[in-house]
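Undergrad: Before I ask anything, here is the structure I am working with.
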Amino acid sequence: MTVVAPPLAAKAPSRWRLFWLLAAIILALSGLVAYRGDFSVEAVRQVVRLTAQISLMLFCTAFSASALAHRLPGPPTLFLRRHRRQIGLAVAFSHGVHAIALVVFSRIDPAQFNDATNTAMFVFGGLAYLFIIAMAATSFDRTAAWLGSRAWRILHTVGGYDIWLTFVIAEGKRAVHDVHYWPYVALLVAVMALRWWGGKARAAAR
Ligand code: HEM
């Protein structure tokens with residue numbers, strides 16, 4: 001009996017459904033928050049915070065997907081590993097909305113925007129944005145092949161750690177004054193521990 005492998009082309013588009021679903025949810029929630037707050041300064045700031053938190057959840061999922069699938073293989077973890085590229089692109093999408101909301105915030109209330117930001121935010125946040133853009137641009141077969149596997153691995157590893165660190169700084173400075181941010185800091189520490197644990201398993205298997 002001849003076993004015919006399923007055509008790759010039929011499987012790939014279905015993975016993108018997850019990206020489009022996540023993008024639609026991010027847009028709908030951001031629009032709803034802005035609309036319910038009458039597009040006030042506070043509503044726009046809520047969109048900034050909402051997209052930061054959505055990005056955090058998606059980033060933690062993509063950042064730990066391989067380690068999770070390696071240590072705890074099963075349908076849910078294998079699903080996440082298979083879709084980590086689309087989840088990573090959803091992080092970029094959510095951060096795109098974070099940037100748009102920041103531009104709107106700076107236009108409608110420059111004084112509050114200046115109070116809410118500082119040079120360090122622009123330096124660390126700006127560098128993380130450069131990584132997010134470069135990683136998103138090289139998350140397609142053609143652009144990844146153009147970059148080459150070694151450069152791709154370096155970019156996505158260094159970029160992942162830089163984005164993780166930017167989240168630690170952003171959540172950590174808020175956690176000093178507000179216990180509500182502690183779970184986010186704990187989540188960031190947990191995903192780093194998971195990657196280390198997953199990496200040890202891979203090294204032992206070699
Ligand atoms: C130039 C780049 C960036 C600027 C100017 C910026 C600015 C801001 C501002 C003003 C807030 C506070 C909003 C408010 O309280 O009303 C904020 C929140 C936040 N940002 Fe960004 N951001 C930048 C990039 C980033 C990046 C790259 C990350 C993550 C990798 C990030 C993660 C966060 C987080 C976690 C919060 C806290 C959300 C919360 O309070 O729940 N930001 N950002």
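Please note that chains go A, B, ... in the order of the structure tokens, that every chain numbers its residues from 1, and that ligands are numbered from 1 in the order shown.
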Just want the 9 Å neighbourhood of Val48 in chain A, counted on only C-alpha atoms, with same-chain residues fewer than 3 positions away dropped. Output as an MDAnalysis selection string.
TA: chainID A and resid 30 43:45 51:53 97:102 105
Undergrad: Using the selection just defined, write its residues with C-alpha atoms as a PDB file, in the first residue's frame.
TA:
```pdb
ATOM      1  CA  SER A  30      -8.346  47.450  21.727  1.00  0.00           C
ATOM      2  CA  ALA A  43      -8.901  54.968  27.379  1.00  0.00           C
ATOM      3  CA  VAL A  44      -5.884  55.263  25.074  1.00  0.00           C
ATOM      4  CA  ARG A  45      -3.575  54.553  28.030  1.00  0.00           C
ATOM      5  CA  THR A  51      -1.596  45.474  24.342  1.00  0.00           C
ATOM      6  CA  ALA A  52       1.478  45.265  26.597  1.00  0.00           C
ATOM      7  CA  GLN A  53      -0.197  42.528  28.665  1.00  0.00           C
ATOM      8  CA  VAL A  97      -1.016  48.384  18.282  1.00  0.00           C
ATOM      9  CA  HIS A  98       0.992  49.327  21.462  1.00  0.00           C
ATOM     10  CA  ALA A  99       3.070  51.708  19.268  1.00  0.00           C
ATOM     11  CA  ILE A 100       0.004  53.203  17.531  1.00  0.00           C
ATOM     12  CA  ALA A 101      -1.697  53.814  20.893  1.00  0.00           C
ATOM     13  CA  LEU A 102       1.522  55.453  22.171  1.00  0.00           C
ATOM     14  CA  PHE A 105      -1.354  59.234  23.474  1.00  0.00           C
TER      15      PHE A 105
END
```
Undergrad: For Met57 in chain A, work out the shell of residues within 12 Å, counting only C-alpha atoms and skipping chain neighbours fewer than 6 positions away, then give it as a ChimeraX atom specification.
TA: /A:22,50-51,63-64,87-88,90-91,94,164,167,183-185,187-188,191
Undergrad: Go ahead and write the residues just picked, C-alpha atoms, as a short mmCIF file (atom, residue, chain, number, x, y, z; two decimals), in the first residue's frame.
TA:
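Output saved as again_8.cif:
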```
data_model
loop_
_atom_site.label_atom_id
_atom_site.label_comp_id
_atom_site.auth_asym_id
_atom_site.auth_seq_id
_atom_site.Cartn_x
_atom_site.Cartn_y
_atom_site.Cartn_z
CA LEU A 22 -5.25 36.46 17.45
CA LEU A 50 -3.84 46.05 27.38
CA THR A 51 -1.60 45.47 24.34
CA PHE A 63 9.31 31.77 24.12
CA SER A 64 8.65 28.56 26.08
CA ILE A 87 2.20 33.31 17.93
CA GLY A 88 5.47 35.28 17.62
CA ALA A 90 0.93 37.99 16.92
CA VAL A 91 3.34 39.46 19.53
CA SER A 94 0.09 43.45 19.40
CA TRP A 164 12.28 39.07 27.79
CA PHE A 167 9.38 42.88 29.85
CA PRO A 183 2.29 37.42 38.88
CA TYR A 184 3.66 38.86 35.62
CA VAL A 185 7.21 38.96 37.01
CA LEU A 187 5.54 34.29 34.86
CA LEU A 188 8.65 35.79 33.22
CA VAL A 191 9.36 30.82 31.34
#
```
Undergrad: Neighbours of ligand 1 at 8 Å or closer, counting only C-alpha atoms and all ligand atoms: which residues, as a PyMOL selection string?
TA: chain A and resi 42+44-46+48-53+55-56+95+98-99+102+113+116-118+121-129+132+163-168+170-171+174+181
Undergrad: Find the residues of range 60-113 of chain A that sit at most 12 Å from range 140-151 of chain A; for each, write down the nearest two atoms and how far apart they are in Å, to one decimal. Count only C-alpha atoms. Sort by chain, then by number going up, and give it as JSON lines.
TA:
```
{"residue": "A:Arg85", "atom": "CA", "partner": "A:Phe140", "partner_atom": "CA", "distance": 8.5}
{"residue": "A:Gln86", "atom": "CA", "partner": "A:Phe140", "partner_atom": "CA", "distance": 9.8}
{"residue": "A:Gly88", "atom": "CA", "partner": "A:Phe140", "partner_atom": "CA", "distance": 11.4}
{"residue": "A:Leu89", "atom": "CA", "partner": "A:Phe140", "partner_atom": "CA", "distance": 10.0}
```
Undergrad: For Gln112 in chain A, which residue out of A:Ala34, A:Val41, A:Ile26, A:Leu155 is the nearest one, using only C-alpha atoms?
TA: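 Of the candidates, the smallest distance to Gln112 in chain A is held by A:Val41.
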Undergrad: Quick one, how far is CA of Leu130 in chain A from CA of Gly159 in chain A?
TA: 8.9 Å
Undergrad: Counting only C-alpha atoms, which of A:Val33, A:Phe59, A:Leu68, A:Ala24 gets nearest to Trp196 in chain A?
TA: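 The answer is A:Leu68, which sits nearest to Trp196 in chain A.
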Undergrad: Point out the residue among A:Gly96, A:Pro110, A:Gly199, A:Gly172 with the least atom-to-atom distance to Ala69 in chain A, counting only C-alpha atoms.
TA: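 Ranking A:Gly96, A:Pro110, A:Gly199, A:Gly172 by distance to Ala69 in chain A, first place goes to A:Gly199.
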Undergrad: Quick one, how far is CA of Leu78 in chain A from CA of His156 in chain A?
TA: 20.0 Å
